[in-house]
Each structure stands twice: as C-alpha cells, then as structure tokens.
$ cat entry-v4.txt   # compact mmCIF, C-alpha atoms
# COMPACT_ATOMS: atom_id res chain seq x y z
CA MET T 1075 34.21 14.83 -38.27
CA GLN T 1076 34.40 15.89 -34.66
CA ASP T 1077 34.90 19.57 -34.17
CA SER T 1078 36.03 21.29 -31.00
CA PRO T 1079 33.28 20.91 -28.40
CA THR T 1080 33.33 24.27 -26.70
CA THR T 1081 32.09 24.21 -23.19
CA GLY T 1082 32.75 25.92 -19.89
CA PRO T 1083 31.13 27.31 -16.80
CA ALA T 1084 28.59 30.07 -17.07
CA PRO T 1085 28.19 32.92 -14.59
CA GLY T 1086 24.54 32.19 -13.92
CA MET T 1087 21.21 32.96 -15.50
CA ALA T 1088 22.31 36.41 -16.67
CA PRO T 1089 24.13 36.80 -19.99
CA LEU T 1090 27.83 36.22 -19.73
CA THR T 1091 29.95 39.34 -19.79
CA ALA T 1092 33.32 40.30 -18.40
CA SER T 1093 32.66 39.76 -14.74
CA GLN T 1094 34.58 40.70 -11.69
CA ASP T 1095 34.79 37.12 -10.46
CA GLY T 1096 36.70 36.02 -13.61
CA THR T 1097 34.00 33.70 -14.93
CA GLY T 1098 34.58 34.84 -18.51
CA VAL T 1099 38.28 34.06 -18.27
CA LYS T 1100 37.51 30.63 -16.85
CA ASN T 1101 35.13 29.99 -19.73
CA MET T 1102 37.74 30.99 -22.30
CA HIS T 1103 40.42 28.83 -20.69
CA GLN T 1104 38.00 25.91 -20.69
CA LEU T 1105 37.31 26.43 -24.40
CA ILE T 1106 41.03 26.46 -25.12
CA GLN T 1107 41.65 23.24 -23.20
CA LEU T 1108 38.74 21.45 -24.84
CA ARG T 1109 39.83 22.67 -28.27
CA TRP T 1110 43.21 20.98 -27.79
CA ILE T 1111 41.35 17.78 -26.91
CA ALA T 1112 39.24 18.24 -30.05
CA VAL T 1113 42.33 18.58 -32.25
CA ILE T 1114 43.64 15.28 -30.92
CA GLY T 1115 40.19 13.70 -31.34
CA GLN T 1116 39.94 14.87 -34.95
CA VAL T 1117 43.33 13.42 -35.79
CA ALA T 1118 42.31 10.06 -34.29
CA THR T 1119 38.95 10.10 -36.10
CA ILE T 1120 40.48 10.97 -39.48
CA VAL T 1121 43.04 8.17 -39.20
CA PHE T 1122 40.42 5.64 -38.07
CA VAL T 1123 37.92 6.51 -40.84
CA HIS T 1124 40.56 6.70 -43.56
CA PHE T 1125 42.37 3.49 -42.74
CA GLY T 1126 39.80 1.56 -40.71
CA PHE T 1127 36.63 2.12 -42.75
CA GLY T 1128 38.50 2.48 -46.01
CA ILE T 1129 36.83 5.82 -46.82
CA ARG T 1130 39.37 7.85 -48.75
CA LEU T 1131 39.50 11.28 -47.14
CA PRO T 1132 41.37 14.36 -48.47
CA LEU T 1133 44.05 14.20 -45.80
CA MET T 1134 46.03 17.28 -46.84
CA PRO T 1135 43.10 19.79 -46.82
CA MET T 1136 41.80 18.33 -43.54
CA ALA T 1137 45.28 18.60 -42.05
CA ILE T 1138 45.41 22.27 -43.09
CA VAL T 1139 42.09 22.92 -41.33
CA LEU T 1140 43.44 21.20 -38.22
CA ALA T 1141 46.65 23.25 -38.39
CA CYS T 1142 44.62 26.47 -38.63
CA LEU T 1143 42.51 25.42 -35.64
CA ALA T 1144 45.63 24.56 -33.62
CA ALA T 1145 47.25 27.89 -34.55
CA PHE T 1146 44.13 29.80 -33.52
CA ASN T 1147 44.07 27.94 -30.22
CA LEU T 1148 47.73 28.66 -29.58
CA VAL T 1149 47.18 32.38 -30.19
CA SER T 1150 44.13 32.30 -27.91
CA MET T 1151 46.11 30.58 -25.17
CA LEU T 1152 48.85 33.22 -25.30
CA ARG T 1153 46.37 36.10 -25.54
CA TRP T 1154 44.15 35.10 -22.63
CA ARG T 1155 46.79 33.66 -20.33
CA HIS T 1156 47.11 36.77 -18.13
CA ARG T 1157 43.89 38.62 -18.96
CA GLU T 1158 41.38 39.29 -16.21
CA GLU T 1159 38.28 39.93 -18.33
CA VAL T 1160 36.77 38.24 -21.37
CA THR T 1161 33.90 39.90 -23.21
CA ASN T 1162 30.81 38.31 -24.70
CA GLY T 1163 32.18 39.19 -28.14
CA ALA T 1164 35.39 37.24 -27.56
CA LEU T 1165 33.49 34.11 -26.56
CA PHE T 1166 31.15 34.59 -29.53
CA LEU T 1167 34.16 34.73 -31.88
CA ALA T 1168 35.61 31.58 -30.33
CA LEU T 1169 32.35 29.69 -30.88
CA LEU T 1170 32.14 30.95 -34.48
CA VAL T 1171 35.62 29.61 -35.14
CA ASP T 1172 34.49 26.22 -33.81
CA VAL T 1173 31.38 26.27 -36.02
CA LEU T 1174 33.33 27.23 -39.15
CA THR T 1175 35.99 24.61 -38.44
CA LEU T 1176 33.31 21.98 -38.02
CA THR T 1177 31.73 23.08 -41.31
CA ALA T 1178 35.04 22.85 -43.18
CA GLN T 1179 35.75 19.37 -41.85
CA LEU T 1180 32.21 18.20 -42.65
CA TYR T 1181 32.48 19.56 -46.20
CA LEU T 1182 35.71 17.61 -46.73
CA SER T 1183 34.28 14.39 -45.25
CA GLY T 1184 30.80 13.85 -46.66
CA GLY T 1185 28.92 17.12 -46.17
CA ALA T 1186 25.41 16.89 -44.74
CA ALA T 1187 25.59 13.08 -45.01
CA ASN T 1188 28.35 12.99 -42.37
CA PRO T 1189 26.75 11.77 -39.10
CA PHE T 1190 28.85 14.27 -37.14
CA VAL T 1191 26.69 17.06 -38.56
CA PHE T 1192 24.62 16.81 -35.37
CA LEU T 1193 27.52 18.44 -33.51
CA TYR T 1194 25.95 21.72 -34.68
CA LEU T 1195 23.32 21.19 -31.97
CA LEU T 1196 26.06 21.08 -29.34
CA GLN T 1197 27.39 24.43 -30.53
CA VAL T 1198 23.88 25.92 -30.31
CA VAL T 1199 23.38 24.62 -26.76
CA LEU T 1200 26.73 26.04 -25.65
CA ALA T 1201 25.92 29.41 -27.22
CA ALA T 1202 22.53 29.51 -25.49
CA VAL T 1203 24.18 29.01 -22.11
CA LEU T 1204 27.35 31.04 -22.52
CA LEU T 1205 26.36 34.03 -24.66
CA ARG T 1206 23.91 36.88 -24.63
CA SER T 1207 20.60 36.44 -26.36
CA TRP T 1208 21.55 38.17 -29.62
CA ALA T 1209 24.78 36.18 -29.89
CA SER T 1210 22.94 32.90 -29.24
CA TRP T 1211 20.49 33.61 -32.06
CA ALA T 1212 23.41 34.58 -34.28
CA VAL T 1213 24.96 31.16 -33.69
CA VAL T 1214 21.61 29.54 -34.59
CA PHE T 1215 21.56 31.52 -37.84
CA VAL T 1216 25.18 30.69 -38.70
CA THR T 1217 24.84 26.95 -37.99
CA SER T 1218 21.60 26.80 -40.03
CA ALA T 1219 23.30 28.59 -42.93
CA CYS T 1220 26.27 26.22 -42.73
CA PHE T 1221 23.97 23.19 -42.78
CA ILE T 1222 22.14 24.53 -45.82
CA ALA T 1223 25.48 25.15 -47.54
CA LEU T 1224 26.54 21.55 -46.88
CA THR T 1225 23.37 20.28 -48.52
CA THR T 1226 23.85 22.61 -51.50
CA PHE T 1227 27.54 22.16 -52.25
CA ALA T 1228 28.78 18.59 -52.58
CA GLY T 1229 32.15 17.84 -51.10
CA PRO T 1230 34.91 15.59 -52.45
CA VAL T 1231 33.79 12.56 -50.43
CA VAL T 1232 30.59 10.51 -50.64
CA ILE T 1233 29.74 8.44 -47.55
CA PRO T 1234 27.87 5.23 -48.36
CA ALA T 1235 24.89 4.72 -46.06
CA ASP T 1236 22.75 1.60 -45.64
CA PRO T 1237 20.85 1.92 -42.34
CA THR T 1238 19.24 -1.50 -42.94
CA ARG T 1239 22.57 -3.12 -41.98
CA GLY T 1240 22.23 -1.75 -38.43
CA LEU T 1241 25.46 -1.29 -36.46
CA ALA T 1242 27.44 -2.98 -39.26
CA ASP T 1243 26.96 0.14 -41.38
CA PRO T 1244 29.70 2.82 -40.92
CA TYR T 1245 27.09 5.60 -41.15
CA VAL T 1246 25.05 4.10 -38.29
CA GLN T 1247 28.24 3.64 -36.28
CA GLY T 1248 29.10 7.30 -36.86
CA MET T 1249 25.61 8.37 -35.76
CA LEU T 1250 25.94 6.28 -32.60
CA LEU T 1251 29.34 7.79 -31.84
CA CYS T 1252 28.01 11.30 -32.47
CA PHE T 1253 25.02 10.69 -30.20
CA VAL T 1254 27.21 9.36 -27.37
CA LEU T 1255 29.61 12.28 -27.81
CA ASN T 1256 26.83 14.87 -27.75
CA ALA T 1257 25.10 13.27 -24.76
CA THR T 1258 28.33 12.93 -22.80
CA LEU T 1259 29.43 16.50 -23.41
CA LEU T 1260 26.00 17.89 -22.57
CA VAL T 1261 25.83 15.92 -19.29
CA VAL T 1262 29.32 17.09 -18.33
CA PHE T 1263 28.53 20.66 -19.32
CA ILE T 1264 25.15 20.85 -17.56
CA THR T 1265 26.71 19.28 -14.44
CA ARG T 1266 29.33 22.00 -14.44
CA ILE T 1267 26.66 24.65 -14.93
CA GLY T 1268 24.75 23.30 -11.92
CA ARG T 1269 27.91 23.44 -9.82
CA ILE T 1270 28.67 26.98 -10.97
CA LEU T 1271 25.11 28.07 -10.27
CA ARG T 1272 25.23 26.63 -6.76
CA ALA T 1273 28.56 28.38 -6.15
CA ARG T 1274 27.08 31.62 -7.51
CA ASP T 1275 24.02 31.32 -5.26
CA ALA T 1276 26.24 30.68 -2.25
CA ARG T 1277 28.40 33.68 -3.17
CA LEU T 1278 25.36 35.91 -3.57
CA ALA T 1279 23.93 34.70 -0.27
CA ASP T 1280 27.23 35.48 1.42
CA LEU T 1281 27.31 38.95 -0.15
CA ARG T 1282 23.75 39.63 0.99
CA GLN T 1283 24.66 38.48 4.50
CA ARG T 1284 27.72 40.71 4.54
CA ALA T 1285 25.69 43.68 3.30
CA ALA T 1286 23.14 43.15 6.09
CA GLU T 1287 25.91 42.82 8.68
CA GLU T 1288 27.69 45.92 7.43
CA GLU T 1289 24.44 47.88 7.57
CA HIS T 1290 23.99 46.64 11.14
CA ILE T 1291 27.53 47.74 11.96
CA VAL T 1292 26.92 51.19 10.50
CA ARG T 1293 23.86 51.63 12.70
CA MET T 1294 25.79 50.41 15.74
CA GLY T 1295 28.68 52.74 14.86
CA LEU T 1296 26.38 55.74 14.68
CA LEU T 1297 24.81 54.85 18.03
CA ALA T 1298 28.20 54.24 19.63
CA SER T 1299 29.61 57.49 18.26
CA GLY T 1300 26.60 59.44 19.51
CA ALA T 1301 26.80 57.79 22.92
CA ALA T 1302 30.52 58.53 23.12
CA HIS T 1303 29.92 62.20 22.42
CA GLU T 1304 27.19 62.34 25.04
CA LEU T 1305 29.34 60.57 27.64
CA GLY T 1306 32.26 62.96 27.13
CA THR T 1307 30.74 65.78 29.16
CA PRO T 1308 29.71 63.82 32.29
CA LEU T 1309 33.06 61.99 32.31
CA ALA T 1310 34.93 65.29 32.16
CA THR T 1311 32.75 66.61 35.00
CA LEU T 1312 33.48 63.55 37.12
CA SER T 1313 37.20 63.93 36.46
CA VAL T 1314 37.11 67.53 37.73
CA ILE T 1315 35.12 66.54 40.83
CA LEU T 1316 37.51 63.70 41.67
CA GLY T 1317 40.46 66.06 41.22
CA ASP T 1318 38.89 68.51 43.69
CA TRP T 1319 38.16 65.74 46.19
CA ARG T 1320 41.85 64.75 46.30
CA HIS T 1321 42.61 68.10 47.99
CA MET T 1322 39.77 68.04 50.54
CA PRO T 1323 40.59 67.23 54.18
CA PRO T 1324 38.27 64.17 54.49
CA PHE T 1325 40.28 62.44 51.76
CA THR T 1326 43.76 63.74 52.52
CA GLN T 1327 43.39 62.70 56.17
CA GLN T 1328 42.13 59.17 55.47
CA PRO T 1329 44.45 57.00 53.31
CA GLU T 1330 41.71 54.42 52.76
CA LEU T 1331 39.42 56.96 51.13
CA LEU T 1332 42.33 58.33 49.11
CA GLN T 1333 43.07 54.82 47.83
CA GLU T 1334 39.44 54.38 46.84
CA LEU T 1335 39.59 57.75 45.11
CA ASP T 1336 42.64 56.64 43.14
CA GLU T 1337 40.80 53.50 42.02
CA MET T 1338 37.83 55.60 40.92
CA GLN T 1339 40.20 57.88 39.00
CA THR T 1340 41.77 54.85 37.29
CA GLN T 1341 38.42 53.48 36.21
CA LEU T 1342 37.36 56.91 35.02
CA HIS T 1343 40.49 57.16 32.86
CA ARG T 1344 39.63 53.75 31.44
CA CYS T 1345 36.13 54.94 30.55
CA LYS T 1346 37.55 58.03 28.89
CA SER T 1347 40.04 55.94 26.87
CA ILE T 1348 37.19 53.67 25.72
CA VAL T 1349 35.16 56.68 24.63
CA THR T 1350 38.20 58.15 22.86
CA GLY T 1351 38.80 54.84 21.09
CA ILE T 1352 35.21 54.78 19.85
CA LEU T 1353 35.48 58.29 18.49
CA LEU T 1354 38.86 57.62 16.88
CA SER T 1355 37.52 54.47 15.22
CA ALA T 1356 34.53 56.38 13.89
CA GLY T 1357 36.92 59.02 12.54
CA GLU T 1358 39.14 56.54 10.65
CA THR T 1359 42.19 56.81 12.85
CA ARG T 1360 44.54 55.18 10.32
CA GLY T 1361 43.92 57.89 7.78
CA GLU T 1362 43.98 60.80 10.22
CA ALA T 1363 46.85 60.07 12.57
CA PRO T 1364 48.64 56.83 11.78
CA GLU T 1365 51.04 55.62 14.40
CA GLU T 1366 53.96 53.53 13.23
CA THR T 1367 55.01 50.66 15.47
CA THR T 1368 56.08 47.03 15.26
CA VAL T 1369 54.24 43.78 15.81
CA ALA T 1370 56.11 43.07 19.05
CA ALA T 1371 55.63 46.58 20.45
CA PHE T 1372 51.97 46.63 19.45
CA LEU T 1373 51.23 43.30 21.13
CA ASP T 1374 53.32 44.07 24.23
CA ASP T 1375 51.58 47.42 24.72
CA LEU T 1376 48.18 45.86 24.14
CA VAL T 1377 48.82 43.05 26.62
CA GLY T 1378 50.21 45.46 29.22
CA GLU T 1379 47.24 47.79 28.97
CA TRP T 1380 44.74 44.92 28.98
CA ARG T 1381 46.26 43.30 32.07
CA SER T 1382 46.39 46.58 33.98
CA THR T 1383 42.73 47.41 33.35
CA ARG T 1384 41.15 43.98 33.91
CA PRO T 1385 40.96 41.74 36.95
CA VAL T 1386 43.32 39.18 35.43
CA ARG T 1387 44.53 36.39 37.73
CA GLY T 1388 46.21 33.94 35.38
CA PHE T 1389 47.49 35.03 31.98
CA ASP T 1390 49.99 33.32 29.66
CA TYR T 1391 51.39 35.42 26.83
CA ALA T 1392 53.76 33.95 24.24
CA ASN T 1393 55.06 36.00 21.32
CA ARG T 1394 56.72 33.69 18.79
CA PHE T 1395 56.40 36.03 15.82
CA GLY T 1396 60.12 35.91 15.09
CA GLU T 1397 61.73 38.70 13.09
CA ASP T 1398 59.80 41.86 13.90
CA ALA T 1399 57.83 43.77 11.25
CA VAL T 1400 56.76 47.40 11.04
CA ILE T 1401 53.00 47.94 11.11
CA ILE T 1402 50.47 50.72 11.69
CA SER T 1403 48.82 50.68 15.10
CA ASP T 1404 45.08 50.53 14.49
CA SER T 1405 42.57 51.25 17.23
CA GLY T 1406 39.98 49.01 15.57
CA LEU T 1407 42.42 46.09 15.55
CA LYS T 1408 43.32 46.78 19.16
CA GLN T 1409 39.69 46.84 20.27
CA MET T 1410 39.00 43.66 18.29
CA ILE T 1411 41.75 41.72 20.09
CA CYS T 1412 40.66 43.13 23.44
CA ASN T 1413 37.07 42.03 22.71
CA VAL T 1414 38.22 38.46 22.20
CA LEU T 1415 40.37 38.60 25.34
CA ASP T 1416 37.47 40.06 27.34
CA ASN T 1417 35.17 37.25 26.22
CA ALA T 1418 37.78 34.68 27.22
CA LEU T 1419 38.29 36.36 30.60
CA GLU T 1420 34.55 36.44 31.27
CA ALA T 1421 34.24 32.74 30.45
CA SER T 1422 37.41 31.80 32.35
CA PRO T 1423 38.32 34.30 35.11
CA GLY T 1424 41.12 32.05 36.37
CA TRP T 1425 43.18 31.72 33.21
CA VAL T 1426 43.51 33.19 29.70
CA GLY T 1427 46.22 32.52 27.13
CA LEU T 1428 47.41 34.56 24.14
CA GLU T 1429 49.84 33.23 21.55
CA ALA T 1430 51.21 35.07 18.52
CA TRP T 1431 53.24 33.69 15.65
CA ARG T 1432 53.97 34.25 11.99
CA ASP T 1433 52.57 31.98 9.28
CA GLU T 1434 54.27 33.06 6.03
CA ASP T 1435 52.82 36.54 5.37
CA LYS T 1436 50.21 36.44 8.14
CA LEU T 1437 50.05 37.36 11.81
CA VAL T 1438 48.25 34.61 13.71
CA LEU T 1439 46.79 35.24 17.17
CA ARG T 1440 45.30 32.49 19.30
CA VAL T 1441 43.27 33.25 22.44
CA SER T 1442 42.55 30.31 24.75
CA ASP T 1443 40.56 29.93 27.94
CA ALA T 1444 39.59 27.20 30.40
CA GLY T 1445 35.87 27.96 30.51
CA PRO T 1446 32.92 25.78 29.49
CA GLY T 1447 33.61 26.28 25.77
CA PHE T 1448 31.21 27.06 22.94
CA ALA T 1449 27.91 25.28 22.57
CA PRO T 1450 27.54 23.42 19.23
CA ALA T 1451 24.84 25.86 18.11
CA MET T 1452 27.14 28.81 18.77
CA LEU T 1453 30.00 27.24 16.81
CA SER T 1454 27.72 26.70 13.82
CA HIS T 1455 26.69 30.39 13.94
CA PHE T 1456 30.01 31.78 15.11
CA GLY T 1457 30.33 35.51 14.58
CA LYS T 1458 26.63 36.14 14.03
CA PRO T 1459 25.12 38.97 16.10
CA TYR T 1460 23.33 38.16 19.34
CA GLN T 1461 24.76 34.62 19.54
CA SER T 1462 25.83 34.42 23.15
CA SER T 1463 25.84 31.96 26.03
CA LYS T 1464 25.66 34.74 28.62
CA GLY T 1465 21.89 34.98 28.49
CA ARG T 1466 21.65 38.75 28.49
CA PRO T 1467 20.07 41.05 25.90
CA GLY T 1468 22.47 42.32 23.29
CA GLY T 1469 25.08 39.65 24.04
CA GLY T 1470 27.30 38.22 21.33
CA LEU T 1471 28.12 41.54 19.67
CA GLY T 1472 31.80 41.43 20.65
CA LEU T 1473 32.64 38.43 18.47
CA PHE T 1474 30.36 39.77 15.73
CA LEU T 1475 32.29 43.05 15.60
CA SER T 1476 35.62 41.21 15.86
CA LEU T 1477 34.72 39.01 12.89
CA ASN T 1478 33.88 42.02 10.76
CA VAL T 1479 37.07 43.88 11.71
CA VAL T 1480 39.11 40.82 10.71
CA ARG T 1481 37.12 40.54 7.48
CA GLN T 1482 37.77 44.20 6.63
CA LEU T 1483 41.49 43.55 7.07
CA GLY T 1484 41.29 40.57 4.70
CA GLY T 1485 41.84 37.98 7.41
CA SER T 1486 39.87 35.18 9.00
CA ILE T 1487 38.73 34.14 12.45
CA ALA T 1488 37.78 30.65 13.65
CA ALA T 1489 36.66 29.11 16.93
CA ARG T 1490 36.75 25.64 18.42
CA ASN T 1491 36.57 23.92 21.78
CA ARG T 1492 39.65 22.55 23.48
CA GLU T 1493 40.13 19.46 25.57
CA PRO T 1494 39.25 18.81 28.35
CA SER T 1495 37.46 22.17 28.58
CA GLY T 1496 37.71 25.66 27.28
CA ALA T 1497 37.63 27.42 23.94
CA VAL T 1498 40.13 28.63 21.36
CA VAL T 1499 39.66 31.58 19.00
CA THR T 1500 42.25 31.92 16.22
CA MET T 1501 42.67 35.13 14.23
CA SER T 1502 44.72 35.26 11.03
CA LEU T 1503 45.62 38.71 9.68
CA PRO T 1504 47.56 39.50 6.48
CA LEU T 1505 50.61 41.58 7.30
CA SER T 1506 50.07 43.53 4.08
CA SER T 1507 46.89 45.05 5.56
CA LEU T 1508 48.77 46.09 8.70
CA SER T 1509 52.08 47.18 7.21
CA VAL T 1510 53.28 50.66 6.37
CA SER T 1511 52.60 51.59 2.76
CA GLU T 1512 54.79 53.89 0.73
CA ALA T 1513 52.07 56.51 0.75
CA GLU T 1514 52.13 56.64 4.49
CA HIS T 1515 55.88 57.17 4.51
CA GLU T 1516 55.70 60.16 2.17
$ encode --input "entry-v4.txt" --output "structure tokens"
Amino acid sequence: MQDSPTTGPAPGMAPLTASQDGTGVKNMHQLIQLRWIAVIGQVATIVFVHFGFGIRLPLMPMAIVLACLAAFNLVSMLRWRHREEVTNGALFLALLVDVLTLTAQLYLSGGAANPFVFLYLLQVVLAAVLLRSWASWAVVFVTSACFIALTTFAGPVVIPADPTRGLADPYVQGMLLCFVLNATLLVVFITRIGRILRARDARLADLRQRAAEEEHIVRMGLLASGAAHELGTPLATLSVILGDWRHMPPFTQQPELLQELDEMQTQLHRCKSIVTGILLSAGETRGEAPEETTVAAFLDDLVGEWRSTRPVRGFDYANRFGEDAVIISDSGLKQMICNVLDNALEASPGWVGLEAWRDEDKLVLRVSDAGPGFAPAMLSHFGKPYQSSKGRPGGGLGLFLSLNVVRQLGGSIAARNREPSGAVVTMSLPLSSLSVSEAEHE
C-alpha cells in the first residue's frame, strides 16, 4: 500500500536544522500537506485493490492505521502552524511515523510480497536529503529492519504473483504503479531541491555582497569621521577671521565686499553643518539625541534647507502624504535624501522634482529630473559603488550610500528613466523604522 511520501525543500548541502530562514518549518508543512494527500491515496488504493482486483483486504485494521496517521497529521498541523523553528529530531520523528505506517499497511496487505514495499527507498532518499547524517543512517537501519520483519512474519493476506502474465498480473501492475510513483516523487522532490539550492546560493551571494558593502561603508565612515574632525579646526579659524573682517573699514565701507563676505560666511556655515552632520551620523544621533517631528515638518524643513543652500532654479515639491505621522528626525535619512536630490540637480540644473506620498505603512519619495537619464549599464548595477556617469574618480558613492541607508531602515530604492528624458529615483521607507517607539517616549 502507498504510505505518505514525505518530501520538502532542504536548506542546502548542510544538515537540516532549525534555521533562521524558516526552512525547517517549510519542510514540516510540506510533509503535513503530502501526508494528507497520502491518506487520500491510501483510501483510493485500498478500495481499488479490494473491490477491483478482488483481493480481500482486512479493511478494519487498515482503516485504524489510516485513522492513526490522520490523527497524527492533524496534531502535527496544529503544533507546527505558528512555530518558527523545526529541529532535525522533529523531522526525523515525522519520517519514522511514515516508515512505521508504511510497514503496518504492508503487513496487512501482503507483507514483503506487496509491490509497494519499494516505497522504503523513497523514505531513505528523503532522509538522506532532509536529515543529518546520523538520522539518515538511522532511517536506513529502521527500514531494513522493517523489511526483514515483513519477510519473517506473514500477514493475513497472500498476494498471488505470476510475472509471466506481464501487465495482466496484478503484482506486475502494482510494481509498475510503485515505480511510476517513486520516479515521479523523486523528480518532483529533486526539482524542488534544485530550486531551493539556487535560492540559497542567491541568498548567500547577496549576504556576501552586503557584508562587503558594509565593510566598505565602515571604512568610508572612519575616513569621513576623521576628516570631519580635522576640518573642524580650520573651519572654526575661518569663521573667526570672517567675523573680524566684517568690522574692518575696507569691508564696512564697500557694500560689494560686505555682500561677498556674507556669501562666504553662508558657505562656511554650510560646510560646518555638513561636518557636524557627519560627526552626528558617526555618533548614532538617533540614540544620543533623538528629535521628534512629523513627516510633513521633516520634509518641509529638508526642502527649505536644501533649496537655500543649492543653486536651484526650478524645483517642484508635492507632499501628498495625507494624515501626518510622528517620526524621529534622522540625520542619516536627511543626508540620504539630499544625496539623491544633489545627484538630480547635478544632472538637471534647470529642474528637479520631489514627490512624497503614503503607500499603506510606507513613506514613498520620488525624485525626478530632466537630465540625460541613467545609462543601461548603470541601471543594471544601480547602487553599486563607483558606478557614475560623471567620469570622475570616486563618483557614484552618493547613490551607493543612499541605497545602504534605505536598506538599514528596511526600505527599498529603485531607479528608472523617464520619457522623453530624465531619471526617476523612488525610495520606499517603512514608517515603523521612522516612528517614535515607546522606549523613546519614556
């Protein structure tokens, strides 16, 4: 008789344990689903053999075995419905239940002479892929012992076999059905394993890429922090000198020079604010001195500061966020948005657009420009360091840093070209990563 074919995705070449990506839970859920299919398949097979082939089977004992298997599966479904981890031992127990159920059904329907005895091989293959080495060998031992027991203890049913009749013989038909079933399940299972392995390799490659990028960011952060500290002293000296110049006769008597001096002072203040922002970001501003604000106030202040410190000629700003929400003002987030705006302004000095709206529980920002747009090669490597169309050493770091800031906040960033010309960069940020937590209120 057909037992429950237990199959499911494996986490890769390593032995399956409770993994952080939930692979064990997925495996267990797959076993549960396939076991329900097996219960239905066993019922259909018992009815067909009993009434179609005329082989009198012990229906009541076989029904009890099926009821026990269904009850076990129901308990498993309830137990693992909301669990996040499944151990190797739990999967080993599930496979043992399948093996013992198969043995009971085989004993009641012909013993070792039942052609479905080859389903033991399927259980061994699944154990080799899903379980640790010791558990796989344990399944080999158990299935071998069960096969020996079937040959030793005769069951209540004797299956007549006459292979010389070919496909007209019920035994040969059962062997054919068992072979097709085994082959089909193995193909399906191995196909799933290949898909899981490819997904695992892609996930590992992405993790390695992120680790390399984060290491690069750490080095850049250390350099930027050191440079900011070094720049603090000369900037402070320049500020004192400019303050003294404002009271000297050559400047007080000539309004043109005084106007130039004011412009120099403005640019100096901008340099000092940039240096302060770098130092605050390196010192984890959110944890040290969080500043509570709202989405509208944060964006309005950011836009106002950005427009006043850049040579902006055409700028369209639309805030369609709707009902305002309280967030924590983050200097890293602010610099990230300014980086994207600066790139757009450099590509399109005549016009830049910024739109903001709410998409369920996310803040979506879209920056548009009327420049030449992204080259296809840049779009395919968007966010990678040193991918820039500006042709200067070290270019492309702005979008690289922006991408990683968005990633740290749990959001996403995407770029595309717009018609007839220009580019669009869309940033999606979860409000939960920007909102005020209870701990910050206390």
$ residues_around --input "entry-v4.txt" --residues "Ala1257 in chain T" --least-positions-apart "5" --cutoff "12 Å" --atoms "all atoms listed in the file" --output "list in words"
Pro1079, Phe1192, Leu1193, Leu1195, Leu1196, Val1199, Leu1250, Leu1251, Cys1252, Val1262, Phe1263 and Ile1264 of chain T
$ residues_around --input "entry-v4.txt" --residues "Arg1490 in chain T" --least-positions-apart "3" --cutoff "10 Å" --atoms "only C-alpha atoms" --output "PyMOL selection string"
chain T and resi 1442+1447-1450+1453+1456+1496-1500
$ residues_around --input "entry-v4.txt" --residues "Ser1509 in chain T" --least-positions-apart "2" --cutoff "6 Å" --atoms "all atoms listed in the file" --output "ChimeraX atom specification"
/T:1401-1402,1505-1507
$ closest_residue --input "entry-v4.txt" --among "T:Leu1439, T:Leu1419, T:Met1452, T:Ala1168" --to "Pro1504 in chain T" --atoms "all atoms listed in the file"
T:Leu1439
$ closest_residue --input "entry-v4.txt" --among "T:Asn1393, T:Ala1186, T:Ile1138, T:Gln1104" --to "Arg1155 in chain T" --atoms "all atoms listed in the file"
T:Gln1104
$ atom_distance --input "entry-v4.txt" --atom1 "CA of Thr1177 in chain T" --atom2 "CA of Thr1225 in chain T"
11.4 Å
$ closest_residue --input "entry-v4.txt" --among "T:Cys1220, T:Leu1316, T:Ala1371, T:Leu1108" --to "Asp1336 in chain T" --atoms "only C-alpha atoms"
T:Leu1316
$ axis_aligned_box --input "entry-v4.txt" --around "range 1237-1251 of chain T" --padding-each-side "4 Å" --output "lines of an AutoDock Vina configuration file"
center_x = 24.5
center_y = 2.6
center_z = -37.4
size_x = 18.5
size_y = 19.5
size_z = 19.1
$ atom_distance --input "entry-v4.txt" --atom1 "CA of Arg1109 in chain T" --atom2 "CA of Val1232 in chain T"
27.1 Å
$ residues_around --input "entry-v4.txt" --residues "Cys1142 in chain T" --least-positions-apart "3" --cutoff "12 Å" --atoms "all atoms listed in the file" --output "list in words"
Val1113, Pro1135, Met1136, Ala1137, Ile1138, Val1139, Ala1145, Phe1146, Asn1147, Leu1148, Val1149, Val1171, Asp1172, Leu1174, Thr1175, Ala1178 and Gln1179 of chain T
$ write_last_selection --input "entry-v4.txt" --atoms "C-alpha atoms" --output "PDB file, in the coordinates of the input"
ATOM      1  CA  VAL T1113      42.330  18.580 -32.250  1.00  0.00           C
ATOM      2  CA  PRO T1135      43.100  19.790 -46.820  1.00  0.00           C
ATOM      3  CA  MET T1136      41.800  18.330 -43.540  1.00  0.00           C
ATOM      4  CA  ALA T1137      45.280  18.600 -42.050  1.00  0.00           C
ATOM      5  CA  ILE T1138      45.410  22.270 -43.090  1.00  0.00           C
ATOM      6  CA  VAL T1139      42.090  22.920 -41.330  1.00  0.00           C
ATOM      7  CA  ALA T1145      47.250  27.890 -34.550  1.00  0.00           C
ATOM      8  CA  PHE T1146      44.130  29.800 -33.520  1.00  0.00           C
ATOM      9  CA  ASN T1147      44.070  27.940 -30.220  1.00  0.00           C
ATOM     10  CA  LEU T1148      47.730  28.660 -29.580  1.00  0.00           C
ATOM     11  CA  VAL T1149      47.180  32.380 -30.190  1.00  0.00           C
ATOM     12  CA  VAL T1171      35.620  29.610 -35.140  1.00  0.00           C
ATOM     13  CA  ASP T1172      34.490  26.220 -33.810  1.00  0.00           C
ATOM     14  CA  LEU T1174      33.330  27.230 -39.150  1.00  0.00           C
ATOM     15  CA  THR T1175      35.990  24.610 -38.440  1.00  0.00           C
ATOM     16  CA  ALA T1178      35.040  22.850 -43.180  1.00  0.00           C
ATOM     17  CA  GLN T1179      35.750  19.370 -41.850  1.00  0.00           C
TER      18      GLN T1179
END
$ atom_distance --input "entry-v4.txt" --atom1 "CA of Met1102 in chain T" --atom2 "CA of Arg1206 in chain T"
15.2 Å
$ closest_residue --input "entry-v4.txt" --among "T:Leu1278, T:Ala1285, T:Val1214, T:Leu1309" --to "Arg1344 in chain T" --atoms "all atoms listed in the file"
T:Leu1309
$ closest_residue --input "entry-v4.txt" --among "T:Ile1267, T:Ala1444, T:Leu1477, T:Met1501" --to "Trp1431 in chain T" --atoms "all atoms listed in the file"
T:Met1501
$ closest_residue --input "entry-v4.txt" --among "T:Gln1116, T:Phe1127, T:Pro1423, T:Val1203" --to "Ala1242 in chain T" --atoms "only C-alpha atoms"
T:Phe1127
$ residues_around --input "entry-v4.txt" --residues "Ile1233 in chain T" --least-positions-apart "6" --cutoff "8 Å" --atoms "only C-alpha atoms" --output "JSON list (two decimals) with C-alpha atoms, in the frame of the given file"
[["chain", "number", "residue", "atom", "x", "y", "z"],
["T", 1129, "ILE", "CA", 36.83, 5.82, -46.82],
["T", 1183, "SER", "CA", 34.28, 14.39, -45.25],
["T", 1184, "GLY", "CA", 30.80, 13.85, -46.66],
["T", 1187, "ALA", "CA", 25.59, 13.08, -45.01],
["T", 1188, "ASN", "CA", 28.35, 12.99, -42.37],
["T", 1245, "TYR", "CA", 27.09, 5.60, -41.15]]
